[in-house]
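> Below is the file run.pdb, with PDB, N, CA and C atoms and all ligand atoms.
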ATOM      1  N   MET A   1       2.483 -18.963   2.563
ATOM      2  CA  MET A   1       1.808 -17.937   1.761
ATOM      3  C   MET A   1       2.742 -17.512   0.618
ATOM      4  N   PRO A   2       2.304 -17.553  -0.622
ATOM      5  CA  PRO A   2       3.204 -17.228  -1.737
ATOM      6  C   PRO A   2       3.513 -15.731  -1.831
ATOM      7  N   PHE A   3       4.755 -15.453  -2.156
ATOM      8  CA  PHE A   3       5.198 -14.078  -2.398
ATOM      9  C   PHE A   3       5.680 -13.973  -3.837
ATOM     10  N   ILE A   4       5.538 -12.796  -4.434
ATOM     11  CA  ILE A   4       6.111 -12.598  -5.756
ATOM     12  C   ILE A   4       6.946 -11.326  -5.768
ATOM     13  N   ASP A   5       7.971 -11.342  -6.628
ATOM     14  CA  ASP A   5       8.841 -10.181  -6.769
ATOM     15  C   ASP A   5       8.045  -9.055  -7.411
ATOM     16  N   VAL A   6       8.114  -7.868  -6.793
ATOM     17  CA  VAL A   6       7.300  -6.743  -7.264
ATOM     18  C   VAL A   6       8.151  -5.573  -7.735
ATOM     19  N   ALA A   7       9.211  -5.277  -6.997
ATOM     20  CA  ALA A   7       9.949  -4.056  -7.302
ATOM     21  C   ALA A   7      11.356  -4.176  -6.741
ATOM     22  N   SER A   8      12.181  -3.199  -7.115
ATOM     23  CA  SER A   8      13.506  -3.056  -6.525
ATOM     24  C   SER A   8      13.439  -1.958  -5.470
ATOM     25  N   THR A   9      14.269  -2.084  -4.450
ATOM     26  CA  THR A   9      14.298  -1.028  -3.432
ATOM     27  C   THR A   9      14.689   0.321  -4.039
ATOM     28  N   ARG A  10      15.357   0.304  -5.193
ATOM     29  CA  ARG A  10      15.730   1.566  -5.861
ATOM     30  C   ARG A  10      14.536   2.259  -6.494
ATOM     31  N   ASP A  11      13.430   1.529  -6.653
ATOM     32  CA  ASP A  11      12.290   2.077  -7.393
ATOM     33  C   ASP A  11      11.460   3.062  -6.568
ATOM     34  N   ILE A  12      11.511   2.955  -5.241
ATOM     35  CA  ILE A  12      10.604   3.749  -4.397
ATOM     36  C   ILE A  12      11.418   4.506  -3.354
ATOM     37  N   PRO A  13      11.649   5.796  -3.549
ATOM     38  CA  PRO A  13      12.378   6.575  -2.548
ATOM     39  C   PRO A  13      11.609   6.641  -1.226
ATOM     40  N   SER A  14      12.341   6.899  -0.163
ATOM     41  CA  SER A  14      11.718   7.012   1.154
ATOM     42  C   SER A  14      10.624   8.077   1.139
ATOM     43  N   GLY A  15       9.499   7.755   1.763
ATOM     44  CA  GLY A  15       8.392   8.698   1.832
ATOM     45  C   GLY A  15       7.504   8.711   0.602
ATOM     46  N   GLN A  16       7.769   7.776  -0.333
ATOM     47  CA  GLN A  16       6.965   7.726  -1.551
ATOM     48  C   GLN A  16       6.313   6.357  -1.726
ATOM     49  N   ALA A  17       5.481   6.239  -2.754
ATOM     50  CA  ALA A  17       4.769   4.993  -3.017
ATOM     51  C   ALA A  17       4.590   4.816  -4.518
ATOM     52  N   LYS A  18       4.375   3.563  -4.911
ATOM     53  CA  LYS A  18       4.031   3.265  -6.302
ATOM     54  C   LYS A  18       3.008   2.136  -6.318
ATOM     55  N   ALA A  19       2.228   2.095  -7.381
ATOM     56  CA  ALA A  19       1.228   1.046  -7.545
ATOM     57  C   ALA A  19       1.790  -0.080  -8.415
ATOM     58  N   TYR A  20       1.429  -1.302  -8.059
ATOM     59  CA  TYR A  20       1.858  -2.471  -8.819
ATOM     60  C   TYR A  20       0.703  -3.463  -8.892
ATOM     61  N   VAL A  21       0.721  -4.253  -9.947
ATOM     62  CA  VAL A  21      -0.222  -5.355 -10.047
ATOM     63  C   VAL A  21       0.443  -6.586  -9.443
ATOM     64  N   VAL A  22      -0.225  -7.212  -8.498
ATOM     65  CA  VAL A  22       0.261  -8.431  -7.850
ATOM     66  C   VAL A  22      -0.825  -9.487  -8.035
ATOM     67  N   GLY A  23      -0.566 -10.442  -8.906
ATOM     68  CA  GLY A  23      -1.610 -11.404  -9.229
ATOM     69  C   GLY A  23      -2.781 -10.672  -9.865
ATOM     70  N   ASP A  24      -3.964 -10.858  -9.312
ATOM     71  CA  ASP A  24      -5.127 -10.172  -9.870
ATOM     72  C   ASP A  24      -5.513  -8.955  -9.024
ATOM     73  N   ARG A  25      -4.561  -8.445  -8.222
ATOM     74  CA  ARG A  25      -4.852  -7.299  -7.356
ATOM     75  C   ARG A  25      -3.921  -6.145  -7.693
ATOM     76  N   GLU A  26      -4.367  -4.931  -7.380
ATOM     77  CA  GLU A  26      -3.486  -3.773  -7.512
ATOM     78  C   GLU A  26      -3.148  -3.284  -6.111
ATOM     79  N   ILE A  27      -1.866  -3.199  -5.834
ATOM     80  CA  ILE A  27      -1.433  -2.800  -4.503
ATOM     81  C   ILE A  27      -0.654  -1.485  -4.571
ATOM     82  N   ALA A  28      -0.651  -0.778  -3.466
ATOM     83  CA  ALA A  28       0.183   0.408  -3.298
ATOM     84  C   ALA A  28       1.319   0.019  -2.374
ATOM     85  N   LEU A  29       2.547   0.229  -2.839
ATOM     86  CA  LEU A  29       3.736  -0.153  -2.068
ATOM     87  C   LEU A  29       4.433   1.116  -1.585
ATOM     88  N   PHE A  30       4.588   1.233  -0.271
ATOM     89  CA  PHE A  30       5.100   2.447   0.371
ATOM     90  C   PHE A  30       6.489   2.196   0.949
ATOM     91  N   ASN A  31       7.343   3.184   0.847
ATOM     92  CA  ASN A  31       8.629   3.174   1.550
ATOM     93  C   ASN A  31       8.497   4.122   2.738
ATOM     94  N   VAL A  32       8.411   3.535   3.936
ATOM     95  CA  VAL A  32       8.300   4.329   5.164
ATOM     96  C   VAL A  32       9.663   4.300   5.851
ATOM     97  N   ASP A  33      10.481   5.277   5.571
ATOM     98  CA  ASP A  33      11.818   5.360   6.171
ATOM     99  C   ASP A  33      12.612   4.067   6.005
ATOM    100  N   GLY A  34      12.538   3.478   4.808
ATOM    101  CA  GLY A  34      13.321   2.284   4.517
ATOM    102  C   GLY A  34      12.610   0.980   4.809
ATOM    103  N   THR A  35      11.404   1.046   5.366
ATOM    104  CA  THR A  35      10.590  -0.147   5.576
ATOM    105  C   THR A  35       9.440  -0.114   4.576
ATOM    106  N   TYR A  36       9.193  -1.245   3.948
ATOM    107  CA  TYR A  36       8.205  -1.279   2.873
ATOM    108  C   TYR A  36       6.885  -1.852   3.375
ATOM    109  N   LYS A  37       5.786  -1.183   2.987
ATOM    110  CA  LYS A  37       4.447  -1.579   3.412
ATOM    111  C   LYS A  37       3.550  -1.645   2.189
ATOM    112  N   ALA A  38       2.627  -2.603   2.179
ATOM    113  CA  ALA A  38       1.747  -2.769   1.024
ATOM    114  C   ALA A  38       0.294  -2.833   1.470
ATOM    115  N   ILE A  39      -0.535  -2.044   0.799
ATOM    116  CA  ILE A  39      -1.981  -2.107   1.004
ATOM    117  C   ILE A  39      -2.664  -2.102  -0.367
ATOM    118  N   GLU A  40      -3.930  -2.418  -0.347
ATOM    119  CA  GLU A  40      -4.744  -2.330  -1.555
ATOM    120  C   GLU A  40      -4.637  -0.903  -2.108
ATOM    121  N   ASN A  41      -4.519  -0.754  -3.432
ATOM    122  CA  ASN A  41      -4.350   0.589  -3.998
ATOM    123  C   ASN A  41      -5.656   1.338  -4.139
ATOM    124  N   THR A  42      -6.768   0.623  -4.162
ATOM    125  CA  THR A  42      -8.046   1.238  -4.514
ATOM    126  C   THR A  42      -8.808   1.684  -3.272
ATOM    127  N   CYS A  43      -9.035   2.971  -3.164
ATOM    128  CA  CYS A  43      -9.766   3.511  -2.012
ATOM    129  C   CYS A  43     -11.198   2.991  -2.003
ATOM    130  N   PRO A  44     -11.684   2.556  -0.827
ATOM    131  CA  PRO A  44     -13.039   2.006  -0.761
ATOM    132  C   PRO A  44     -14.139   3.057  -0.908
ATOM    133  N   HIS A  45     -13.794   4.330  -0.896
ATOM    134  CA  HIS A  45     -14.807   5.363  -1.080
ATOM    135  C   HIS A  45     -15.299   5.361  -2.523
ATOM    136  N   GLN A  46     -14.475   5.891  -3.424
ATOM    137  CA  GLN A  46     -14.876   5.889  -4.833
ATOM    138  C   GLN A  46     -13.750   5.444  -5.755
ATOM    139  N   GLY A  47     -12.788   4.715  -5.202
ATOM    140  CA  GLY A  47     -11.776   4.095  -6.051
ATOM    141  C   GLY A  47     -10.532   4.912  -6.297
ATOM    142  N   GLY A  48     -10.284   5.922  -5.506
ATOM    143  CA  GLY A  48      -9.081   6.737  -5.684
ATOM    144  C   GLY A  48      -7.814   5.911  -5.544
ATOM    145  N   PRO A  49      -6.733   6.310  -6.242
ATOM    146  CA  PRO A  49      -5.476   5.558  -6.200
ATOM    147  C   PRO A  49      -4.621   5.964  -5.005
ATOM    148  N   LEU A  50      -4.562   5.098  -4.000
ATOM    149  CA  LEU A  50      -3.892   5.461  -2.753
ATOM    150  C   LEU A  50      -2.387   5.657  -2.935
ATOM    151  N   ALA A  51      -1.780   4.999  -3.933
ATOM    152  CA  ALA A  51      -0.341   5.198  -4.168
ATOM    153  C   ALA A  51      -0.029   6.629  -4.586
ATOM    154  N   GLU A  52      -1.047   7.351  -5.036
ATOM    155  CA  GLU A  52      -0.838   8.741  -5.448
ATOM    156  C   GLU A  52      -1.250   9.721  -4.352
ATOM    157  N   GLY A  53      -1.525   9.181  -3.157
ATOM    158  CA  GLY A  53      -1.971  10.023  -2.058
ATOM    159  C   GLY A  53      -0.836  10.752  -1.373
ATOM    160  N   TRP A  54      -1.209  11.569  -0.403
ATOM    161  CA  TRP A  54      -0.243  12.321   0.393
ATOM    162  C   TRP A  54       0.191  11.443   1.556
ATOM    163  N   ILE A  55       1.501  11.274   1.727
ATOM    164  CA  ILE A  55       2.031  10.357   2.735
ATOM    165  C   ILE A  55       2.665  11.147   3.871
ATOM    166  N   ASP A  56       2.248  10.829   5.085
ATOM    167  CA  ASP A  56       2.826  11.462   6.271
ATOM    168  C   ASP A  56       3.123  10.346   7.270
ATOM    169  N   GLY A  57       4.387   9.952   7.357
ATOM    170  CA  GLY A  57       4.734   8.822   8.221
ATOM    171  C   GLY A  57       4.078   7.555   7.709
ATOM    172  N   THR A  58       3.242   6.930   8.540
ATOM    173  CA  THR A  58       2.575   5.697   8.137
ATOM    174  C   THR A  58       1.138   5.937   7.678
ATOM    175  N   THR A  59       0.769   7.190   7.454
ATOM    176  CA  THR A  59      -0.592   7.501   7.023
ATOM    177  C   THR A  59      -0.592   8.000   5.582
ATOM    178  N   VAL A  60      -1.505   7.455   4.791
ATOM    179  CA  VAL A  60      -1.695   7.969   3.432
ATOM    180  C   VAL A  60      -3.090   8.574   3.339
ATOM    181  N   THR A  61      -3.164   9.728   2.696
ATOM    182  CA  THR A  61      -4.426  10.417   2.488
ATOM    183  C   THR A  61      -4.821  10.265   1.019
ATOM    184  N   CYS A  62      -5.995   9.720   0.781
ATOM    185  CA  CYS A  62      -6.468   9.504  -0.590
ATOM    186  C   CYS A  62      -6.453  10.834  -1.360
ATOM    187  N   PRO A  63      -5.935  10.824  -2.588
ATOM    188  CA  PRO A  63      -5.843  12.071  -3.351
ATOM    189  C   PRO A  63      -7.188  12.603  -3.820
ATOM    190  N   TRP A  64      -8.241  11.796  -3.754
ATOM    191  CA  TRP A  64      -9.523  12.262  -4.296
ATOM    192  C   TRP A  64     -10.363  13.014  -3.263
ATOM    193  N   HIS A  65     -10.607  12.420  -2.086
ATOM    194  CA  HIS A  65     -11.467  13.092  -1.104
ATOM    195  C   HIS A  65     -10.926  12.973   0.320
ATOM    196  N   ALA A  66      -9.649  12.622   0.440
ATOM    197  CA  ALA A  66      -8.933  12.748   1.718
ATOM    198  C   ALA A  66      -9.303  11.739   2.798
ATOM    199  N   TRP A  67      -9.843  10.584   2.437
ATOM    200  CA  TRP A  67      -9.918   9.536   3.447
ATOM    201  C   TRP A  67      -8.485   9.092   3.762
ATOM    202  N   CYS A  68      -8.246   8.716   5.029
ATOM    203  CA  CYS A  68      -6.877   8.418   5.474
ATOM    204  C   CYS A  68      -6.760   6.974   5.957
ATOM    205  N   PHE A  69      -5.646   6.351   5.604
ATOM    206  CA  PHE A  69      -5.412   4.954   5.963
ATOM    207  C   PHE A  69      -4.010   4.772   6.524
ATOM    208  N   ASP A  70      -3.898   3.811   7.449
ATOM    209  CA  ASP A  70      -2.614   3.407   8.006
ATOM    210  C   ASP A  70      -2.002   2.392   7.038
ATOM    211  N   VAL A  71      -0.838   2.712   6.472
ATOM    212  CA  VAL A  71      -0.257   1.820   5.467
ATOM    213  C   VAL A  71       0.297   0.540   6.088
ATOM    214  N   THR A  72       0.420   0.493   7.417
ATOM    215  CA  THR A  72       0.958  -0.711   8.050
ATOM    216  C   THR A  72      -0.092  -1.808   8.207
ATOM    217  N   ASN A  73      -1.373  -1.421   8.233
ATOM    218  CA  ASN A  73      -2.401  -2.456   8.431
ATOM    219  C   ASN A  73      -3.698  -2.209   7.664
ATOM    220  N   GLY A  74      -3.770  -1.108   6.906
ATOM    221  CA  GLY A  74      -4.944  -0.834   6.092
ATOM    222  C   GLY A  74      -6.099  -0.193   6.833
ATOM    223  N   ALA A  75      -5.934   0.059   8.120
ATOM    224  CA  ALA A  75      -7.037   0.629   8.905
ATOM    225  C   ALA A  75      -7.282   2.093   8.531
ATOM    226  N   MET A  76      -8.537   2.496   8.555
ATOM    227  CA  MET A  76      -8.872   3.896   8.336
ATOM    228  C   MET A  76      -8.500   4.663   9.607
ATOM    229  N   THR A  77      -7.803   5.778   9.447
ATOM    230  CA  THR A  77      -7.307   6.472  10.637
ATOM    231  C   THR A  77      -8.248   7.569  11.112
ATOM    232  N   LEU A  78      -9.190   7.969  10.297
ATOM    233  CA  LEU A  78     -10.208   8.928  10.730
ATOM    234  C   LEU A  78     -11.565   8.298  10.472
ATOM    235  N   GLY A  79     -12.351   8.128  11.504
ATOM    236  CA  GLY A  79     -13.661   7.510  11.317
ATOM    237  C   GLY A  79     -13.638   6.027  11.621
ATOM    238  N   GLY A  80     -12.748   5.308  10.970
ATOM    239  CA  GLY A  80     -12.569   3.889  11.268
ATOM    240  C   GLY A  80     -13.721   3.005  10.860
ATOM    241  N   PHE A  81     -14.558   3.450   9.915
ATOM    242  CA  PHE A  81     -15.707   2.634   9.548
ATOM    243  C   PHE A  81     -15.434   1.711   8.364
ATOM    244  N   THR A  82     -14.213   1.767   7.814
ATOM    245  CA  THR A  82     -13.855   0.839   6.746
ATOM    246  C   THR A  82     -12.350   0.635   6.780
ATOM    247  N   SER A  83     -11.845  -0.144   5.873
ATOM    248  CA  SER A  83     -10.406  -0.392   5.807
ATOM    249  C   SER A  83     -10.073  -0.884   4.410
ATOM    250  N   VAL A  84      -8.779  -0.982   4.135
ATOM    251  CA  VAL A  84      -8.326  -1.630   2.909
ATOM    252  C   VAL A  84      -7.483  -2.838   3.301
ATOM    253  N   GLU A  85      -7.334  -3.756   2.376
ATOM    254  CA  GLU A  85      -6.533  -4.940   2.666
ATOM    255  C   GLU A  85      -5.059  -4.557   2.786
ATOM    256  N   SER A  86      -4.331  -5.293   3.618
ATOM    257  CA  SER A  86      -2.891  -5.082   3.720
ATOM    258  C   SER A  86      -2.186  -6.404   3.428
ATOM    259  N   TYR A  87      -0.924  -6.291   3.040
ATOM    260  CA  TYR A  87      -0.167  -7.447   2.552
ATOM    261  C   TYR A  87       1.190  -7.513   3.229
ATOM    262  N   GLU A  88       1.644  -8.719   3.486
ATOM    263  CA  GLU A  88       2.995  -8.918   4.005
ATOM    264  C   GLU A  88       4.011  -8.554   2.918
ATOM    265  N   VAL A  89       5.120  -7.957   3.351
ATOM    266  CA  VAL A  89       6.198  -7.586   2.436
ATOM    267  C   VAL A  89       7.495  -8.211   2.937
ATOM    268  N   GLN A  90       8.292  -8.723   2.010
ATOM    269  CA  GLN A  90       9.635  -9.231   2.332
ATOM    270  C   GLN A  90      10.633  -8.492   1.455
ATOM    271  N   VAL A  91      11.813  -8.235   1.998
ATOM    272  CA  VAL A  91      12.894  -7.669   1.205
ATOM    273  C   VAL A  91      14.037  -8.673   1.197
ATOM    274  N   ALA A  92      14.449  -9.067   0.003
ATOM    275  CA  ALA A  92      15.569 -10.000  -0.167
ATOM    276  C   ALA A  92      16.615  -9.291  -1.021
ATOM    277  N   GLY A  93      17.710  -8.858  -0.392
ATOM    278  CA  GLY A  93      18.670  -8.040  -1.131
ATOM    279  C   GLY A  93      18.007  -6.733  -1.532
ATOM    280  N   SER A  94      17.958  -6.464  -2.829
ATOM    281  CA  SER A  94      17.301  -5.244  -3.303
ATOM    282  C   SER A  94      15.915  -5.532  -3.866
ATOM    283  N   THR A  95      15.436  -6.755  -3.697
ATOM    284  CA  THR A  95      14.146  -7.134  -4.269
ATOM    285  C   THR A  95      13.041  -7.069  -3.214
ATOM    286  N   ILE A  96      11.966  -6.367  -3.574
ATOM    287  CA  ILE A  96      10.807  -6.282  -2.681
ATOM    288  C   ILE A  96       9.780  -7.300  -3.152
ATOM    289  N   ARG A  97       9.357  -8.146  -2.218
ATOM    290  CA  ARG A  97       8.408  -9.206  -2.542
ATOM    291  C   ARG A  97       7.139  -8.995  -1.722
ATOM    292  N   VAL A  98       5.997  -9.212  -2.340
ATOM    293  CA  VAL A  98       4.721  -8.976  -1.679
ATOM    294  C   VAL A  98       3.878 -10.248  -1.737
ATOM    295  N   SER A  99       3.194 -10.520  -0.639
ATOM    296  CA  SER A  99       2.309 -11.673  -0.580
ATOM    297  C   SER A  99       1.183 -11.539  -1.614
ATOM    298  N   THR A 100       0.831 -12.645  -2.216
ATOM    299  CA  THR A 100      -0.266 -12.603  -3.190
ATOM    300  C   THR A 100      -1.629 -12.622  -2.502
ATOM    301  N   GLU A 101      -1.640 -12.874  -1.206
ATOM    302  CA  GLU A 101      -2.900 -12.891  -0.464
ATOM    303  C   GLU A 101      -2.855 -11.856   0.656
ATOM    304  N   PRO A 102      -3.962 -11.177   0.911
ATOM    305  CA  PRO A 102      -3.964 -10.177   1.993
ATOM    306  C   PRO A 102      -3.877 -10.831   3.357
ATOM    307  N   ARG A 103      -3.457  -9.998   4.330
ATOM    308  CA  ARG A 103      -3.494 -10.471   5.718
ATOM    309  C   ARG A 103      -4.939 -10.745   6.094
ATOM    310  N   THR A 104      -5.118 -11.716   6.983
ATOM    311  CA  THR A 104      -6.485 -12.003   7.421
ATOM    312  C   THR A 104      -6.693 -11.502   8.828
TER     313      THR A 104
HETATM  314  S1  LIG B   1     -12.019   7.984  -3.453
HETATM  315 FE1  LIG B   1     -10.680   8.025  -1.736
HETATM  316  S2  LIG B   1     -11.597   9.451  -0.419
HETATM  317 FE2  LIG B   1     -12.943   9.400  -2.119
END
Write the structure described by the file as structure tokens, please.
Ligand code: FES

Amino acid sequence: MPFIDVASTRDIPSGQAKAYVVGDREIALFNVDGTYKAIENTCPHQGGPLAEGWIDGTTVTCPWHAWCFDVTNGAMTLGGFTSVESYEVQVAGSTIRVSTEPRT
């Protein structure tokens, strides 16, 4: 599965996230206590930017209407009737690399 360089570990402080374009997708990349997780950035409700959401541990709350997702696998944590795609992440030195294809 191809990976591409997306960011430096210096770019995302612990407990924060940023959005990046990876191929033809926009992903939200999270730093969860030094471990990096990537999910689709676009909320399936009405398109809110999940990288700008409120982060509590491994859960992100959409900034628009508060749908919540697990950043480790994209699952909705309340309700569970939808999900977002999640992506494998690799760290090589200070470089964060993200898979160009979502987990299946
Ligand atoms: S757009 Fe994310 S909860 Fe509405």
> Between A:Cys43, A:Pro49, A:Cys68, A:Pro102, which is the closest to Glu88 (chain A) once you count all atoms listed in the file?
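When distances to Glu88 (chain A) are compared using all atoms listed in the file, the smallest one comes from A:Pro102.
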> Run through the PyMOL selection byres (((chain A and resi 10) around 8) and not hetatm) on the given coordinates and return the selected residues as a list in words.
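This file, filtered by the PyMOL selection byres (((chain A and resi 10) around 8) and not hetatm), leaves Ala7, Ser8, Thr9, Asp11, Ile12, Pro13, Ser94, Thr95 and Ile96 of chain A.
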> So which one's closest to Tyr87 (chain A), A:Ala51, A:Val60, A:Ile39, A:Ala75? Using only N, CA and C atoms, please.
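Answer, going by the shortest atom-to-atom distance: A:Ile39.
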> Please check which protein, DNA or RNA residues sit within 5 Å of ligand LIG 1 (chain B), counting all atoms listed in the file, and write them as JSON, numbers by chain.
{"A": [43, 45, 46, 47, 48, 62, 64, 65, 66, 67]}
> Applying the PyMOL selection byres (((chain A and resi 23 and name CA) around 12) and not hetatm and name CA) to the file I just gave you, which residues come out? Please list them as a list in words.
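Checked against the file, the PyMOL selection byres (((chain A and resi 23 and name CA) around 12) and not hetatm and name CA) matches Pro2, Phe3, Ile4, Asp5, Val6, Tyr20, Val21, Val22, Asp24, Arg25, Glu26, Ile27, Val98, Ser99, Thr100, Glu101 and Pro102 of chain A.
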> Can you tell me, as an mmCIF file with N, CA and C atoms, in the coordinates of the input, which residues in chain A count as helix (DSSP H, G or I) by DSSP?

data_model
loop_
_atom_site.group_PDB
_atom_site.id
_atom_site.type_symbol
_atom_site.label_atom_id
_atom_site.label_comp_id
_atom_site.auth_asym_id
_atom_site.auth_seq_id
_atom_site.Cartn_x
_atom_site.Cartn_y
_atom_site.Cartn_z
ATOM 1 N N THR A 9 14.269 -2.084 -4.450
ATOM 2 C CA THR A 9 14.298 -1.028 -3.432
ATOM 3 C C THR A 9 14.689 0.321 -4.039
ATOM 4 N N ARG A 10 15.357 0.304 -5.193
ATOM 5 C CA ARG A 10 15.730 1.566 -5.861
ATOM 6 C C ARG A 10 14.536 2.259 -6.494
ATOM 7 N N ASP A 11 13.430 1.529 -6.653
ATOM 8 C CA ASP A 11 12.290 2.077 -7.393
ATOM 9 C C ASP A 11 11.460 3.062 -6.568
ATOM 10 N N LEU A 50 -4.562 5.098 -4.000
ATOM 11 C CA LEU A 50 -3.892 5.461 -2.753
ATOM 12 C C LEU A 50 -2.387 5.657 -2.935
ATOM 13 N N ALA A 51 -1.780 4.999 -3.933
ATOM 14 C CA ALA A 51 -0.341 5.198 -4.168
ATOM 15 C C ALA A 51 -0.029 6.629 -4.586
ATOM 16 N N GLU A 52 -1.047 7.351 -5.036
ATOM 17 C CA GLU A 52 -0.838 8.741 -5.448
ATOM 18 C C GLU A 52 -1.250 9.721 -4.352
#
> State, in Å with one decimal place, the distance from atom C of Met76 (chain A) to atom C of Ser14 (chain A).
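Computed distance, atom C of Met76 (chain A) to atom C of Ser14 (chain A), equals 21.2 Å.
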> Between A:Met1, A:Pro63, A:Val71, A:Thr104, single out the one closest to Phe30 (chain A), counting only N, CA and C atoms.
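Of A:Met1, A:Pro63, A:Val71, A:Thr104, the one nearest Phe30 (chain A), counting only N, CA and C atoms, is A:Val71.
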> On this file, the PyMOL selection byres (((chain A and resi 58) around 6) and not hetatm) gives some set of residues; write that set as JSON, numbers by chain.
{"A": [56, 57, 59, 60, 69, 70, 71, 72]}
> With only N, CA and C atoms as the atoms that count, which of A:Val91, A:Ala28, A:Ala19, A:Leu78 lies nearest to Glu40 (chain A)?
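That would be A:Ala28, the residue with the smallest distance to Glu40 (chain A).
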> When you draw a straight line from atom C of Gly80 (chain A) to CA of Val32 (chain A), how long is it in Å?
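Between atom C of Gly80 (chain A) and CA of Val32 (chain A) the gap works out to 22.8 Å.
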> Please extract the residues of chain A with a backbone DSSP assignment of strand (DSSP E or B) and present them as a VMD selection string.
chain A and resid 3 to 8 17 to 22 25 to 32 35 to 40 42 49 54 to 56 59 to 61 68 to 70 75 to 76 83 86 to 87 89 to 92 95 to 99
